[in-house]
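The structure appears below as structure tokens.
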Amino acid sequence: TPYAANAALLVAKAAADAGDLAKAQSQLGWVVANAADAELKLLARVRLARVQLAAGDHAAALATLDAVGAAGAFEGQAQEVRSPSAWPR
């Protein structure tokens, strides 16, 4: 249901804010795999890429962003995350 996907997005945000990047990745991965709404999946992919970058997994983040592609409203966000200036140093 859309409620489950939205709940997973909220849990992922709380986990990332608390520094539990593994839990955030798990929740976002669940949204990508299970959400019925294509827009929610794209949002989860962009957020997942941000978490992957924060965890230092640059290759996974780039692969996640490749799956976003030229997806309208999320293309700009994906390009922003792809930019090296967004990567942790």
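Labeling convention for the structure tokens: chains A, B, ... as they appear, residues from 1 per chain, ligands from 1 in order of appearance.
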Just want the 8 Å neighbourhood of region 3-17 of chain A, counted on only C-alpha atoms, with same-chain residues fewer than 4 positions away dropped. Output as a PDB file with N, CA, C and O atoms, in the first residue's frame.
ATOM      1  N   LEU A  21      22.916   4.003   8.787  1.00  0.00           N
ATOM      2  CA  LEU A  21      22.817   4.006   7.327  1.00  0.00           C
ATOM      3  C   LEU A  21      22.387   2.654   6.765  1.00  0.00           C
ATOM      4  O   LEU A  21      21.700   2.602   5.746  1.00  0.00           O
ATOM      5  N   LYS A  23      20.230   0.553   8.109  1.00  0.00           N
ATOM      6  CA  LYS A  23      18.773   0.476   8.231  1.00  0.00           C
ATOM      7  C   LYS A  23      18.108   1.383   7.206  1.00  0.00           C
ATOM      8  O   LYS A  23      17.103   1.006   6.588  1.00  0.00           O
ATOM      9  N   ALA A  24      18.661   2.569   6.988  1.00  0.00           N
ATOM     10  CA  ALA A  24      18.105   3.482   5.994  1.00  0.00           C
ATOM     11  C   ALA A  24      18.156   2.843   4.604  1.00  0.00           C
ATOM     12  O   ALA A  24      17.173   2.891   3.856  1.00  0.00           O
ATOM     13  N   GLN A  25      19.277   2.217   4.280  1.00  0.00           N
ATOM     14  CA  GLN A  25      19.402   1.550   2.977  1.00  0.00           C
ATOM     15  C   GLN A  25      18.394   0.424   2.849  1.00  0.00           C
ATOM     16  O   GLN A  25      17.788   0.241   1.779  1.00  0.00           O
ATOM     17  N   SER A  26      18.206  -0.320   3.903  1.00  0.00           N
ATOM     18  CA  SER A  26      17.256  -1.427   3.875  1.00  0.00           C
ATOM     19  C   SER A  26      15.834  -0.925   3.613  1.00  0.00           C
ATOM     20  O   SER A  26      15.112  -1.482   2.776  1.00  0.00           O
ATOM     21  N   GLN A  27      15.438   0.115   4.314  1.00  0.00           N
ATOM     22  CA  GLN A  27      14.087   0.656   4.147  1.00  0.00           C
ATOM     23  C   GLN A  27      13.891   1.235   2.743  1.00  0.00           C
ATOM     24  O   GLN A  27      12.857   1.013   2.110  1.00  0.00           O
ATOM     25  N   LEU A  28      14.876   1.968   2.260  1.00  0.00           N
ATOM     26  CA  LEU A  28      14.764   2.554   0.924  1.00  0.00           C
ATOM     27  C   LEU A  28      14.770   1.466  -0.148  1.00  0.00           C
ATOM     28  O   LEU A  28      14.035   1.565  -1.141  1.00  0.00           O
ATOM     29  N   TRP A  30      13.555  -1.454   0.235  1.00  0.00           N
ATOM     30  CA  TRP A  30      12.227  -2.051   0.282  1.00  0.00           C
ATOM     31  C   TRP A  30      11.253  -1.225  -0.541  1.00  0.00           C
ATOM     32  O   TRP A  30      10.439  -1.782  -1.288  1.00  0.00           O
ATOM     33  N   VAL A  31      11.324   0.091  -0.428  1.00  0.00           N
ATOM     34  CA  VAL A  31      10.426   0.955  -1.213  1.00  0.00           C
ATOM     35  C   VAL A  31      10.680   0.747  -2.703  1.00  0.00           C
ATOM     36  O   VAL A  31       9.735   0.598  -3.488  1.00  0.00           O
ATOM     37  N   ASN A  34       9.161  -2.634  -3.660  1.00  0.00           N
ATOM     38  CA  ASN A  34       7.767  -2.965  -3.379  1.00  0.00           C
ATOM     39  C   ASN A  34       6.737  -1.880  -3.632  1.00  0.00           C
ATOM     40  O   ASN A  34       5.546  -2.184  -3.666  1.00  0.00           O
ATOM     41  N   ALA A  35       7.144  -0.643  -3.766  1.00  0.00           N
ATOM     42  CA  ALA A  35       6.157   0.434  -3.958  1.00  0.00           C
ATOM     43  C   ALA A  35       5.456   0.273  -5.301  1.00  0.00           C
ATOM     44  O   ALA A  35       6.081  -0.056  -6.315  1.00  0.00           O
ATOM     45  N   LEU A  40       7.240   7.235  -6.191  1.00  0.00           N
ATOM     46  CA  LEU A  40       7.819   6.890  -4.895  1.00  0.00           C
ATOM     47  C   LEU A  40       9.087   6.066  -5.069  1.00  0.00           C
ATOM     48  O   LEU A  40      10.058   6.233  -4.329  1.00  0.00           O
ATOM     49  N   ALA A  44      12.705   7.161  -3.744  1.00  0.00           N
ATOM     50  CA  ALA A  44      13.485   6.251  -2.896  1.00  0.00           C
ATOM     51  C   ALA A  44      14.859   5.983  -3.498  1.00  0.00           C
ATOM     52  O   ALA A  44      15.853   5.904  -2.769  1.00  0.00           O
ATOM     53  N   VAL A  51      22.227   8.049   0.633  1.00  0.00           N
ATOM     54  CA  VAL A  51      22.657   7.241   1.782  1.00  0.00           C
ATOM     55  C   VAL A  51      23.876   6.410   1.406  1.00  0.00           C
ATOM     56  O   VAL A  51      24.821   6.284   2.193  1.00  0.00           O
TER      57      VAL A  51
END
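Interatomic distance, CA of Ala55 (chain A) against CA of Gly19 (chain A): 9.7 Å.
Using only C-alpha atoms, the smallest distance between any of A:Gln77, A:Ala36, A:Pro2, A:Arg47 and Thr64 (chain A) comes from A:Arg47.
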- prompt: What is the CA of Val32 (chain A)-CA of Thr1 (chain A) distance in Å, reported with one decimal?
  reply: 13.1 Å
message: Just list as number ranges by chain whatever in chain A DSSP marks as alpha helix (DSSP H).
response: A: 2-17, 21-34, 38-54, 58-68, 75-82
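Near Leu65 (chain A), within a cut-off of 7 Å and counting only C-alpha atoms, sit the residues Arg45, Val46, Ala49, Ala61, Gly69 and Ala78 of chain A, with same-chain residues fewer than 4 positions away left out.
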Those selected residues, please, written with N, CA and C atoms and delivered as a PDB file, in the first residue's frame.
ATOM      1  N   ARG A  45      14.949   5.860  -4.814  1.00  0.00           N
ATOM      2  CA  ARG A  45      16.250   5.628  -5.457  1.00  0.00           C
ATOM      3  C   ARG A  45      17.191   6.812  -5.230  1.00  0.00           C
ATOM      4  N   VAL A  46      16.680   8.034  -5.391  1.00  0.00           N
ATOM      5  CA  VAL A  46      17.524   9.213  -5.175  1.00  0.00           C
ATOM      6  C   VAL A  46      17.983   9.268  -3.719  1.00  0.00           C
ATOM      7  N   ALA A  49      20.615   6.614  -3.077  1.00  0.00           N
ATOM      8  CA  ALA A  49      21.932   7.016  -3.583  1.00  0.00           C
ATOM      9  C   ALA A  49      22.621   7.969  -2.605  1.00  0.00           C
ATOM     10  N   ALA A  61      26.082   3.952  -5.344  1.00  0.00           N
ATOM     11  CA  ALA A  61      25.300   5.177  -5.518  1.00  0.00           C
ATOM     12  C   ALA A  61      25.158   5.523  -6.996  1.00  0.00           C
ATOM     13  N   GLY A  69      17.757   7.444 -14.267  1.00  0.00           N
ATOM     14  CA  GLY A  69      17.743   7.891 -15.649  1.00  0.00           C
ATOM     15  C   GLY A  69      17.189   9.292 -15.804  1.00  0.00           C
ATOM     16  N   ALA A  78      18.744  13.704  -9.217  1.00  0.00           N
ATOM     17  CA  ALA A  78      19.722  12.652  -9.487  1.00  0.00           C
ATOM     18  C   ALA A  78      21.042  13.259  -9.964  1.00  0.00           C
TER      19      ALA A  78
END
message: Using only C-alpha atoms, can you tell me which of A:Ala59, A:Asp20, A:Glu39, A:Arg50 comes closest to Gln79 (chain A)?
response: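 Looking at the shortest contact to Gln79 (chain A), the residue is A:Arg50.
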task: Could you tell me how far CA of Phe74 (chain A) lies from CA of Ala38 (chain A), in Å and to one decimal?
output: 11.3 Å
